[in-house]
Amino acid sequence: MITVKNISKSFGKEQILYDISLTFERGKTSLIIGQSGSGKTVLLKSIIGIHEIDKGEIIFGNEVYSAMNPKEKQKIRKEIGMVFQGGALFDSYTVYENVIFPLRMFSGMSEKEMDKRVEFCLDRVNLHKVNDLYPSEISGGMQKRVAIARAIVLNPKYLFFDEPNSGLDPKTSIVIDNLIKELTEDFNTVTVINTHDMNSVIEIGDKTVFIYKGRKWWEGTNKEILNSDNKELNDFVFATELMRSIKKS
Amino acid sequence: MKIFYHIGKYLLFLKKVFKRPQKRNIFIQNIFFEIEKLGINSIIIVFIISVFMGAVITLQTAYNIEVSFVPLYLVGLGTRDSMFLEFSSTIVALILAGKVGANIASEIGTMKIREQIEALDIMGVNSESYLVLPKIIAAVFSFPLLTLFSMFVGIFGGYIAVWLTGAIPIDDFVYGLHYYFVPFYITYSVIKMTVFAFIIATVPAYQAYFIRGGALEVGRANTKAVVYSSVLVLFFNVVITQILLS
């Protein structure tokens with residue numbers, strides 16, 4: 001479980017996050033939604049430790065991650081898998097080299113064992129015969145799947161996704177969503193997704209947190225979203241005709 | 001005051017760069033990769049520049065000796081000492097600041113804006129050490145060798161120029177090359193290049209590592225990297241010369 005207690009974050013004089021408290025459970029898919037500029041990416045990066053928080057606590061399991069020194073944090077980071085918005089694959093490495101990279105750095109496995117693990121992870125994200133291709137030679141959806149394979153290769157306890165569906169067509173988005181859901185259940189991970197995609201909210205969100213102007217504005221399940229009377233949440237979630245028709249039905 | 005801020009930030013950056021590498025075999029592999037990229041791939045440019053520099057120094061000196069009592073072997077001596085003392089280290093370093101510095105800045109800058117450095121940090125990799133330390137070691141190891149190579153090629157260029165133009169008798173040129181040889185000039189040049197190599201590897205890396213934004217910022221970081229490392233090369237050229245030759 002990840003517990004976020006009263007965290008705040010500013011950049012210079014501009015405060016981005018105000019006193020946010022949250023919990024994310026193991027085996028569940030939690031989504032953070034909000035308008036662009038609401039602070040959800042800063043929240044995600046603060047939880048992971050890319051940004052130092054000004055106030056509050058972030059607890060991974062029973063360990064206070066935010067109070068750890070960089071060396072202690074590295075230990076927890078090896079248990080974190082992160083998929084960035086653009087994939088963040090290493091351009092000069094092939095698909096295979098990208099996925100095997102964390103194993104080479106941290107696993108102590110033999111080449112044969114690592115090879116087996118890479119094949120397993122690529123197979124798990126339904127990627128075949130792309131080992132020798134470079135990220136620029138595969139589609140955006142495939143890049144996301146390679147990034148997911150790299151994120152799960154060390155058997156992480158915690159999985160984070162920043163806009164996993166951005167730039168993808170609706171069909172590929174559903175494939176990625178279902179994959180995330182399956183992985184969360186199979187590996188029993190704490191999964192946190194930052195998204196704008198309302199389809200993801202409805203389809204795979206066990207829990208959704210709505211961030212508005214840097215504050216936690218609403219929290220609930222995907223079913224509760226449909227019946228919420230929170231004005232700002234409704235303005236955001238039901239901004240499109242399609243979502244309004246789903247609410248009516 | 002901003003300069004002190006950057007000096008402090010640069011030193012803190014170096015502190016992280018010089019942390020112990022996490023995986024020894026990958027670190028060694030990366031060093032060899034960087035030696036090839038930064039050193040071996042610069043051999044051709046160093047060859048071209050050095051051969052022409054040597055030829056031009058020789059011809060300029062030869063055609064400017066108008067007074068009959070000045071011995072002609074001074075052309076060879078002048079070419080040798082110019083190459084050894086200044087051209088093979090400082091001029092080659094300025095060329096490498098352009099070529100290698102821009103390469104390092106664009107590589108790290110692109111990784112930064114594409115979140116690849118954040119990805120390394122999240123995995124628990126010390127990105128500063130992983131990305132920059134192999135480049136420093138490769139540059140500090142291979143650039144002095146390029147200096148020695150440049151000395152040899154520069155003199156060869158001078159020899160070819162004399163042979164082709166007949167500006168002075170070839171025997172006088174060769175005699176000048178041997179005349180009053182000071183071996184310390186080679187040591188001096190190699191020491192200079194070692195310091196320049198450190199500057200060329202670290203200043204562009206620092207410029208690129210902290211950029212924010214997009215492609216435009218990578219371009220700006222490239223320009224800053226080349227300009228700042230060139231200026232620092234020239235500044236430390238004076239400092240080291242004063243220390244070693246005074």
# chains A, B, ... in the order shown; residues from 1 in each chain; ligands from 1
call {"tool": "closest_atom_pairs", "arguments": {"of": "chain B", "to": "chain A", "cutoff": "6 Å", "atoms": "only C-alpha atoms", "output": "tab-separated table"}}
result
residue	atom	partner	partner_atom	distance
B:Arg114	CA	A:Ala88	CA	5.9
B:Glu115	CA	A:Ala88	CA	5.4
B:Gln116	CA	A:Ala88	CA	4.8
B:Ile122	CA	A:Arg77	CA	5.7
B:Met123	CA	A:Lys78	CA	5.5
B:Gly124	CA	A:Gln74	CA	4.7
call {"tool": "select_by_dssp", "arguments": {"residues": "segment 2-229 of chain A", "states": "helix (DSSP H, G or I)", "output": "ChimeraX atom specification"}}
result
/A:40-48,65-67,70-77,95-106,111-124,135-137,140-152,170-187,198-204,222-227
call {"tool": "atom_distance", "arguments": {"atom1": "atom CA of Arg24 of chain B", "atom2": "atom CA of Asn131 of chain A"}}
result
25.3 Å
call {"tool": "closest_residue", "arguments": {"among": "A:Leu183, A:Val153, A:Val118, A:Ile33", "to": "Met198 of chain A", "atoms": "only C-alpha atoms"}}
result
A:Ile33
call {"tool": "select_by_dssp", "arguments": {"residues": "segment 27-233 of chain A", "states": "strand (DSSP E or B)", "output": "number ranges by chain"}}
result
A: 29-33, 55-60, 63-64, 80-83, 158-162, 190-195, 207-212, 215-220
call {"tool": "write_last_selection", "arguments": {"atoms": "N, CA and C atoms", "output": "compact mmCIF listing (two decimals), in the first residue's frame"}}
result
# COMPACT_ATOMS: atom_id res chain seq x y z
N THR A 29 -6.38 -0.80 -9.23
CA THR A 29 -5.95 0.23 -10.17
C THR A 29 -6.54 1.57 -9.73
N SER A 30 -5.67 2.48 -9.34
CA SER A 30 -6.13 3.79 -8.90
C SER A 30 -5.80 4.83 -9.96
N LEU A 31 -6.78 5.66 -10.25
CA LEU A 31 -6.57 6.67 -11.29
C LEU A 31 -6.57 8.08 -10.70
N ILE A 32 -5.65 8.89 -11.19
CA ILE A 32 -5.65 10.30 -10.82
C ILE A 32 -6.10 11.07 -12.06
N ILE A 33 -7.21 11.79 -11.94
CA ILE A 33 -7.69 12.56 -13.09
C ILE A 33 -7.73 14.04 -12.74
N LYS A 55 6.11 19.47 2.24
CA LYS A 55 5.43 19.14 3.50
C LYS A 55 4.76 17.79 3.36
N GLY A 56 4.56 17.10 4.46
CA GLY A 56 3.81 15.85 4.45
C GLY A 56 4.69 14.62 4.40
N GLU A 57 4.05 13.46 4.18
CA GLU A 57 4.77 12.19 4.18
C GLU A 57 4.28 11.29 3.05
N ILE A 58 5.21 10.51 2.49
CA ILE A 58 4.83 9.48 1.51
C ILE A 58 5.35 8.16 2.06
N ILE A 59 4.43 7.22 2.24
CA ILE A 59 4.80 5.95 2.88
C ILE A 59 4.57 4.80 1.90
N PHE A 60 5.64 4.05 1.60
CA PHE A 60 5.53 2.85 0.77
C PHE A 60 5.56 1.65 1.71
N GLU A 63 7.33 1.94 5.18
CA GLU A 63 8.53 2.79 5.21
C GLU A 63 8.24 4.21 4.72
N VAL A 64 8.71 5.16 5.49
CA VAL A 64 8.46 6.57 5.13
C VAL A 64 9.46 6.97 4.04
N ILE A 80 9.85 -0.08 -7.99
CA ILE A 80 8.90 0.76 -8.72
C ILE A 80 9.07 0.57 -10.22
N GLY A 81 7.96 0.39 -10.92
CA GLY A 81 7.99 0.40 -12.39
C GLY A 81 7.22 1.62 -12.83
N MET A 82 7.80 2.36 -13.76
CA MET A 82 7.14 3.60 -14.20
C MET A 82 7.07 3.66 -15.71
N VAL A 83 5.90 3.97 -16.22
CA VAL A 83 5.75 4.17 -17.66
C VAL A 83 5.45 5.65 -17.90
N TYR A 158 5.18 -1.74 -7.17
CA TYR A 158 4.42 -0.51 -7.44
C TYR A 158 4.56 -0.15 -8.91
N LEU A 159 3.41 0.11 -9.56
CA LEU A 159 3.44 0.49 -10.97
C LEU A 159 2.80 1.87 -11.16
N PHE A 160 3.51 2.74 -11.85
CA PHE A 160 2.98 4.08 -12.10
C PHE A 160 2.92 4.33 -13.61
N PHE A 161 1.84 4.94 -14.03
CA PHE A 161 1.67 5.25 -15.46
C PHE A 161 1.29 6.72 -15.59
N ASP A 162 2.05 7.45 -16.41
CA ASP A 162 1.71 8.85 -16.67
C ASP A 162 1.09 8.93 -18.07
N VAL A 190 0.54 -2.29 -6.59
CA VAL A 190 -0.17 -1.04 -6.34
C VAL A 190 -0.02 -0.25 -7.64
N THR A 191 -1.12 -0.03 -8.35
CA THR A 191 -1.02 0.64 -9.65
C THR A 191 -1.69 2.01 -9.60
N VAL A 192 -0.92 3.01 -10.01
CA VAL A 192 -1.44 4.38 -10.02
C VAL A 192 -1.31 4.93 -11.44
N ILE A 193 -2.42 5.41 -11.97
CA ILE A 193 -2.41 5.91 -13.35
C ILE A 193 -2.87 7.36 -13.37
N ASN A 194 -2.11 8.16 -14.07
CA ASN A 194 -2.45 9.55 -14.30
C ASN A 194 -3.11 9.62 -15.65
N THR A 195 -4.33 10.08 -15.76
CA THR A 195 -4.96 10.03 -17.09
C THR A 195 -6.00 11.12 -17.31
N LYS A 207 -10.48 2.81 -8.27
CA LYS A 207 -10.63 4.01 -7.44
C LYS A 207 -10.16 5.20 -8.27
N THR A 208 -10.88 6.31 -8.15
CA THR A 208 -10.49 7.50 -8.92
C THR A 208 -10.36 8.70 -7.98
N VAL A 209 -9.31 9.47 -8.22
CA VAL A 209 -9.08 10.69 -7.43
C VAL A 209 -9.12 11.86 -8.40
N PHE A 210 -9.94 12.85 -8.11
CA PHE A 210 -10.03 14.02 -8.97
C PHE A 210 -9.25 15.16 -8.33
N ILE A 211 -8.27 15.67 -9.08
CA ILE A 211 -7.44 16.78 -8.58
C ILE A 211 -7.91 18.06 -9.27
N TYR A 212 -8.19 19.06 -8.48
CA TYR A 212 -8.66 20.33 -9.03
C TYR A 212 -7.87 21.47 -8.40
N ARG A 215 -5.66 20.57 -5.49
CA ARG A 215 -6.26 19.99 -4.28
C ARG A 215 -7.00 18.70 -4.62
N LYS A 216 -7.06 17.80 -3.64
CA LYS A 216 -7.89 16.60 -3.86
C LYS A 216 -9.34 17.05 -3.73
N TRP A 217 -10.06 16.97 -4.82
CA TRP A 217 -11.41 17.54 -4.86
C TRP A 217 -12.48 16.48 -4.65
N TRP A 218 -12.16 15.27 -5.10
CA TRP A 218 -13.15 14.19 -5.00
C TRP A 218 -12.41 12.85 -5.07
N GLU A 219 -12.99 11.85 -4.43
CA GLU A 219 -12.39 10.50 -4.43
C GLU A 219 -13.52 9.48 -4.39
N GLY A 220 -13.45 8.46 -5.21
CA GLY A 220 -14.51 7.44 -5.18
C GLY A 220 -14.28 6.37 -6.23
call {"tool": "residues_around", "arguments": {"residues": "segment 4-9 of chain B", "least_positions_apart": "3", "cutoff": "10 Å", "atoms": "only C-alpha atoms", "output": "list in words"}}
result
Met1, Leu12, Phe13, Leu14, Lys15, Tyr206, Gln207 and Phe210 of chain B
call {"tool": "write_last_selection", "arguments": {"atoms": "N, CA and C atoms", "output": "short mmCIF file (atom, residue, chain, number, x, y, z; two decimals), in the first residue's frame"}}
result
data_model
loop_
_atom_site.label_atom_id
_atom_site.label_comp_id
_atom_site.auth_asym_id
_atom_site.auth_seq_id
_atom_site.Cartn_x
_atom_site.Cartn_y
_atom_site.Cartn_z
N MET B 1 26.75 37.34 -9.66
CA MET B 1 26.44 36.35 -8.61
C MET B 1 26.00 35.01 -9.21
N LEU B 12 28.38 20.31 -7.34
CA LEU B 12 27.46 19.31 -6.77
C LEU B 12 27.14 18.23 -7.82
N PHE B 13 27.03 18.67 -9.07
CA PHE B 13 26.79 17.74 -10.17
C PHE B 13 27.97 16.76 -10.28
N LEU B 14 29.20 17.30 -10.19
CA LEU B 14 30.40 16.45 -10.28
C LEU B 14 30.47 15.47 -9.11
N LYS B 15 30.00 15.93 -7.94
CA LYS B 15 30.01 15.04 -6.76
C LYS B 15 29.16 13.79 -7.04
N TYR B 206 26.99 19.18 -18.05
CA TYR B 206 26.30 20.03 -17.05
C TYR B 206 25.26 20.91 -17.74
N GLN B 207 25.64 21.53 -18.86
CA GLN B 207 24.72 22.42 -19.58
C GLN B 207 23.45 21.68 -19.99
N PHE B 210 20.60 19.96 -17.00
CA PHE B 210 19.60 20.72 -16.25
C PHE B 210 18.64 21.49 -17.16
#
call {"tool": "residues_around", "arguments": {"residues": "Ile47 of chain A", "least_positions_apart": "3", "cutoff": "9 Å", "atoms": "only C-alpha atoms", "output": "tab-separated table (two decimals) with C-alpha atoms, in the first residue's frame"}}
result
chain	number	residue	atom	x	y	z
A	2	ILE	CA	1.07	3.59	-0.61
A	4	VAL	CA	0.21	9.94	0.99
A	42	VAL	CA	3.49	16.86	-10.17
A	43	LEU	CA	1.56	14.71	-7.69
A	44	LEU	CA	2.64	11.49	-9.43
A	50	ILE	CA	11.32	12.83	-8.68
A	51	HIS	CA	10.14	16.02	-6.96
A	52	GLU	CA	10.98	16.64	-3.31
A	53	ILE	CA	7.84	17.52	-1.36
A	58	ILE	CA	4.83	9.48	1.51
A	59	ILE	CA	4.80	5.95	2.88
A	65	TYR	CA	9.86	7.07	1.63
A	66	SER	CA	9.85	10.88	1.78
call {"tool": "atom_distance", "arguments": {"atom1": "atom CA of Val195 of chain B", "atom2": "atom CA of Val140 of chain B"}}
result
7.7 Å
call {"tool": "atom_distance", "arguments": {"atom1": "atom CA of Ser50 of chain B", "atom2": "atom CA of Phe84 of chain B"}}
result
11.2 Å
call {"tool": "closest_residue", "arguments": {"among": "B:Glu217, B:Glu34, B:Asp171, B:Glu128", "to": "Pro21 of chain B", "atoms": "only C-alpha atoms"}}
result
B:Glu128
call {"tool": "residues_around", "arguments": {"residues": "Ala225 of chain B", "least_positions_apart": "4", "cutoff": "12 Å", "atoms": "only C-alpha atoms", "output": "ChimeraX atom specification"}}
result
/B:94,96-106,108-109,199-209,211,217-221,229-233
call {"tool": "write_last_selection", "arguments": {"atoms": "N, CA and C atoms", "output": "short mmCIF file (atom, residue, chain, number, x, y, z; two decimals), in the first residue's frame"}}
result
data_model
loop_
_atom_site.label_atom_id
_atom_site.label_comp_id
_atom_site.auth_asym_id
_atom_site.auth_seq_id
_atom_site.Cartn_x
_atom_site.Cartn_y
_atom_site.Cartn_z
N LEU B 94 39.98 22.93 -28.92
CA LEU B 94 38.88 23.81 -29.36
C LEU B 94 38.02 23.11 -30.42
N LEU B 96 37.70 19.85 -30.67
CA LEU B 96 36.97 18.78 -29.97
C LEU B 96 35.85 19.35 -29.11
N ALA B 97 36.04 20.58 -28.59
CA ALA B 97 34.95 21.21 -27.82
C ALA B 97 33.74 21.39 -28.72
N GLY B 98 33.99 21.71 -29.99
CA GLY B 98 32.89 21.84 -30.94
C GLY B 98 32.28 20.51 -31.28
N LYS B 99 33.12 19.56 -31.64
CA LYS B 99 32.59 18.27 -32.10
C LYS B 99 32.03 17.42 -30.95
N VAL B 100 32.89 17.14 -29.99
CA VAL B 100 32.50 16.25 -28.89
C VAL B 100 31.55 16.95 -27.91
N GLY B 101 31.83 18.25 -27.64
CA GLY B 101 30.97 18.99 -26.70
C GLY B 101 29.54 19.04 -27.19
N ALA B 102 29.35 19.34 -28.47
CA ALA B 102 27.99 19.39 -29.03
C ALA B 102 27.35 18.02 -29.00
N ASN B 103 28.15 16.99 -29.26
CA ASN B 103 27.64 15.62 -29.23
C ASN B 103 27.13 15.25 -27.83
N ILE B 104 27.93 15.55 -26.82
CA ILE B 104 27.54 15.22 -25.43
C ILE B 104 26.29 16.01 -25.03
N ALA B 105 26.29 17.32 -25.36
CA ALA B 105 25.16 18.16 -24.97
C ALA B 105 23.87 17.70 -25.65
N SER B 106 23.95 17.36 -26.94
CA SER B 106 22.71 16.96 -27.62
C SER B 106 22.24 15.60 -27.13
N ILE B 108 22.71 14.14 -24.07
CA ILE B 108 22.14 14.23 -22.72
C ILE B 108 20.89 15.12 -22.71
N GLY B 109 20.94 16.21 -23.50
CA GLY B 109 19.79 17.11 -23.57
C GLY B 109 18.55 16.40 -24.11
N ILE B 199 37.26 19.33 -19.06
CA ILE B 199 36.34 20.45 -19.31
C ILE B 199 35.36 20.09 -20.43
N ILE B 200 35.89 19.52 -21.51
CA ILE B 200 35.06 19.22 -22.69
C ILE B 200 34.02 18.14 -22.37
N ALA B 201 34.33 17.24 -21.45
CA ALA B 201 33.37 16.18 -21.11
C ALA B 201 32.34 16.67 -20.08
N THR B 202 32.76 17.52 -19.16
CA THR B 202 31.84 17.86 -18.05
C THR B 202 30.99 19.11 -18.29
N VAL B 203 31.56 20.14 -18.91
CA VAL B 203 30.78 21.39 -19.09
C VAL B 203 29.56 21.16 -20.00
N PRO B 204 29.69 20.52 -21.17
CA PRO B 204 28.49 20.26 -21.97
C PRO B 204 27.49 19.34 -21.24
N ALA B 205 28.01 18.37 -20.50
CA ALA B 205 27.11 17.47 -19.76
C ALA B 205 26.31 18.27 -18.73
N TYR B 206 26.99 19.18 -18.05
CA TYR B 206 26.30 20.03 -17.05
C TYR B 206 25.26 20.91 -17.74
N GLN B 207 25.64 21.53 -18.86
CA GLN B 207 24.72 22.42 -19.58
C GLN B 207 23.45 21.68 -19.99
N ALA B 208 23.62 20.42 -20.43
CA ALA B 208 22.47 19.67 -20.95
C ALA B 208 21.66 19.02 -19.85
N TYR B 209 22.30 18.67 -18.75
CA TYR B 209 21.63 17.87 -17.72
C TYR B 209 20.49 18.63 -17.05
N ILE B 211 18.60 21.14 -18.45
CA ILE B 211 17.69 21.90 -19.32
C ILE B 211 16.25 21.50 -19.04
N GLU B 217 15.56 24.25 -26.52
CA GLU B 217 16.46 24.31 -25.36
C GLU B 217 17.68 23.40 -25.56
N VAL B 218 17.46 22.28 -26.26
CA VAL B 218 18.60 21.39 -26.55
C VAL B 218 19.59 22.13 -27.46
N GLY B 219 19.05 22.87 -28.43
CA GLY B 219 19.89 23.67 -29.32
C GLY B 219 20.66 24.73 -28.54
N ARG B 220 19.95 25.39 -27.62
CA ARG B 220 20.60 26.43 -26.81
C ARG B 220 21.69 25.82 -25.93
N ALA B 221 21.38 24.66 -25.36
CA ALA B 221 22.37 23.98 -24.50
C ALA B 221 23.60 23.61 -25.30
N SER B 229 32.73 25.79 -22.97
CA SER B 229 33.90 24.90 -22.86
C SER B 229 35.09 25.48 -23.64
N SER B 230 34.81 26.17 -24.76
CA SER B 230 35.92 26.80 -25.51
C SER B 230 36.58 27.90 -24.68
N VAL B 231 35.74 28.73 -24.05
CA VAL B 231 36.27 29.83 -23.23
C VAL B 231 37.09 29.26 -22.06
N LEU B 232 36.56 28.22 -21.45
CA LEU B 232 37.29 27.61 -20.32
C LEU B 232 38.60 26.97 -20.76
N VAL B 233 38.60 26.38 -21.96
CA VAL B 233 39.85 25.81 -22.50
C VAL B 233 40.89 26.92 -22.65
#
